[in-house]
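As structure tokens, the structure follows; a few thoughts come after it.
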Amino acid sequence: MEAHVFGLRRVLLLSFCVAGIWTAYISQGLLQENLSTKRFGPDKKRFEHLPFLNLAQNVVCLAWSYMMLKICSRSSGAGAPWWSYWSAGITNSIGPAMGIEALKYISYPAQVLAKSSKMIPVMLMGTLVYGTRYTFSEYICTFLVAGGVSMFALTKTSSRTISKLAHPNAPLGYGLCFLNLVFDGFTNATQDSLGTRYPKTTAWGIMLGMNLWGTIYNMIYMFGWPQARGFEAVKFCREHPEAAWDVLFYCLCGAVGQNFIFLTISRFGSLANTTITTTRKFVSIVVSSLLSGNPLSAIQWGSVLMVFSGLSYQIYLKWQKLQRSQKKRKAT
């Protein structure tokens, strides 16, 4: 009976995590798309200051992580020192900025699909730089994802979707997404290295360190750089309160989503989190197509299914690997 109750609790908690991640990040995606395509106020102006979203997100997540550390953390000074995140903070500031900037040139579904192909630059870097050898199954996953993204990119986008873009330019948009993935790869590698060197580092500690440096770098870029446009972004939000509310909710969705991701990883592992976030991306494309008026052709839907078939197969391979390692542990 106790085992049944425990199992039911885990199912309910997992359902709660799925609902939280989906709700937070699908809402954030819609707000991001809205800010990049909508014309605000009677003067019908676009919000041209998309890098400002990164700064706002950093500030909100910095405050959130500091608050959570004070509430939840029992140990102090045991994790990675705050200054050790300076290099990861650079790539974590540049990468997402490029991903957001890409929305000026390609549609939101195209951006989500391109950013889902993280394995491609990882395998390229592994093969060319480190001489890593991958299995035939991993190459199949990469072929499906790369082929799907390529098909989607080469298929003609509807005129309705193009009319919403500030500066339609597919090669530039996909190029920015690819650079976003490369910088994310460096960020993840640095975070893993810090986690190995400082094993007592908590998720909130990582979030605090990353967003502290992100806030510093983005403040310099938005307000201290020559021709900085931070003051213009603030002025735009003052003149268009609707845009300001979108920015605020965008940041809150990101902070809440981080909570659910940390909860999922701590209770169910990274594989469960990968599965949830991958399915969330697919649902985001469907929601964007239905609610935001981004119609996809039959070939584009086929491309989407091709990409997520490759990602699903990758998750299955990870699950098999996890099962084998658990069996070896039990045997020893």
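Residues in the structure tokens are numbered from 1 in each chain, the chains being A, B, ... in the order shown, and ligands are numbered from 1 in the order shown.
All residues within range 8-219 of chain A that the backbone DSSP calculation assigns to strand (DSSP E) are A:Arg39, A:Phe40, A:Lys45, A:Arg46.
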So that I can see what lies close to Ser137 in chain A, please list as a compact mmCIF listing (two decimals) with N, CA and C atoms, in the first residue's frame the residues with an atom at most 12 Å from it, counting only C-alpha atoms and leaving out residues fewer than 4 positions away in the same chain.
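The resulting file, out-v5.txt, is reproduced below:
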```txt
# COMPACT_ATOMS: atom_id res chain seq x y z
N ARG A 133 34.84 9.60 -31.50
CA ARG A 133 34.10 8.72 -32.42
C ARG A 133 32.70 8.47 -31.87
N CYS A 141 20.65 9.96 -35.55
CA CYS A 141 19.97 11.06 -34.85
C CYS A 141 20.35 12.40 -35.46
N THR A 142 21.63 12.59 -35.67
CA THR A 142 22.14 13.85 -36.23
C THR A 142 21.63 14.06 -37.65
N PHE A 143 21.59 13.00 -38.45
CA PHE A 143 21.09 13.10 -39.83
C PHE A 143 19.63 13.53 -39.84
N LEU A 144 18.81 12.94 -38.97
CA LEU A 144 17.39 13.28 -38.90
C LEU A 144 17.20 14.74 -38.51
N GLY A 310 14.32 12.44 -34.54
CA GLY A 310 15.74 12.31 -34.21
C GLY A 310 16.01 12.59 -32.74
N LEU A 311 15.37 13.62 -32.18
CA LEU A 311 15.55 13.95 -30.77
C LEU A 311 14.98 12.86 -29.87
N TYR A 313 14.68 9.68 -30.65
CA TYR A 313 15.57 8.54 -30.75
C TYR A 313 16.81 8.75 -29.89
N GLN A 314 17.29 9.99 -29.83
CA GLN A 314 18.44 10.32 -28.98
C GLN A 314 18.09 10.08 -27.50
N ILE A 315 16.89 10.48 -27.09
CA ILE A 315 16.45 10.25 -25.71
C ILE A 315 16.37 8.76 -25.41
N TYR A 316 15.86 7.99 -26.38
CA TYR A 316 15.77 6.53 -26.21
C TYR A 316 17.16 5.91 -26.04
N LEU A 317 18.14 6.38 -26.82
CA LEU A 317 19.51 5.88 -26.70
C LEU A 317 20.11 6.21 -25.33
N LYS A 318 19.81 7.41 -24.84
CA LYS A 318 20.28 7.79 -23.51
C LYS A 318 19.65 6.91 -22.43
```
Checklist entry - Counting only C-alpha atoms, what is within 10 Å of Ile216 in chain A, bar same-chain residues fewer than 2 positions away, as JSON, numbers by chain? => result {"A": [55, 58, 59, 86, 89, 90, 93, 211, 212, 213, 214, 218, 219, 220, 221]}
Next on the checklist: Run DSSP on the backbone and tell me which residues of range 38-285 of chain A come out as helix (DSSP H, G or I); list them as a PyMOL selection string.
Outcome noted: chain A and resi 51-72+82-104+108-115+119-128+136-154+159-164+170-197+203-224+230-239+241-268+270-285
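Here CA of His49 in chain A is placed at a distance of 16.1 Å from CA of Thr215 in chain A.
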Checklist entry - Contacts of Ala97 in chain A at 10 Å or less, counting only C-alpha atoms, minus same-chain residues fewer than 3 places along, as JSON, numbers by chain? => result {"A": [50, 51, 52, 53, 54, 55, 91, 92, 93, 94, 100, 101, 102, 176, 177, 180, 218]}
Please produce a file of those selected residues containing N, CA and C atoms, as a short mmCIF file (atom, residue, chain, number, x, y, z; two decimals), in the first residue's frame.
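Contents of again13.cif, as written:
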```
data_model
loop_
_atom_site.label_atom_id
_atom_site.label_comp_id
_atom_site.auth_asym_id
_atom_site.auth_seq_id
_atom_site.Cartn_x
_atom_site.Cartn_y
_atom_site.Cartn_z
N LEU A 50 15.58 43.88 -28.57
CA LEU A 50 15.47 42.52 -28.06
C LEU A 50 16.60 42.11 -27.11
N PRO A 51 17.87 42.59 -27.30
CA PRO A 51 18.92 42.25 -26.32
C PRO A 51 18.59 42.72 -24.90
N PHE A 52 17.70 43.71 -24.79
CA PHE A 52 17.30 44.19 -23.46
C PHE A 52 16.59 43.09 -22.67
N LEU A 53 15.96 42.14 -23.38
CA LEU A 53 15.29 41.03 -22.71
C LEU A 53 16.29 40.20 -21.90
N ASN A 54 17.50 40.04 -22.42
CA ASN A 54 18.52 39.28 -21.69
C ASN A 54 18.90 39.96 -20.38
N LEU A 55 19.06 41.28 -20.43
CA LEU A 55 19.40 42.04 -19.22
C LEU A 55 18.27 41.92 -18.20
N THR A 91 29.88 33.89 -22.46
CA THR A 91 29.20 33.09 -23.50
C THR A 91 27.71 33.00 -23.26
N ASN A 92 27.31 33.01 -21.97
CA ASN A 92 25.89 32.93 -21.64
C ASN A 92 25.17 34.25 -21.92
N SER A 93 25.93 35.32 -22.05
CA SER A 93 25.34 36.62 -22.42
C SER A 93 25.23 36.75 -23.93
N ILE A 94 26.27 36.31 -24.64
CA ILE A 94 26.31 36.45 -26.10
C ILE A 94 25.37 35.46 -26.77
N ILE A 100 17.80 35.42 -29.52
CA ILE A 100 16.69 36.37 -29.52
C ILE A 100 16.75 37.28 -30.74
N GLU A 101 17.95 37.71 -31.10
CA GLU A 101 18.14 38.58 -32.26
C GLU A 101 17.68 37.89 -33.55
N ALA A 102 17.81 36.54 -33.58
CA ALA A 102 17.41 35.77 -34.77
C ALA A 102 15.93 35.95 -35.09
N LEU A 176 22.68 32.97 -36.78
CA LEU A 176 22.67 33.43 -35.39
C LEU A 176 22.27 32.29 -34.44
N CYS A 177 21.30 31.48 -34.87
CA CYS A 177 20.89 30.33 -34.05
C CYS A 177 22.04 29.33 -33.89
N ASN A 180 24.44 30.71 -31.47
CA ASN A 180 23.82 30.57 -30.17
C ASN A 180 24.12 29.19 -29.57
N ASN A 218 25.69 42.63 -19.52
CA ASN A 218 24.58 43.22 -20.28
C ASN A 218 24.32 44.68 -19.89
#
```
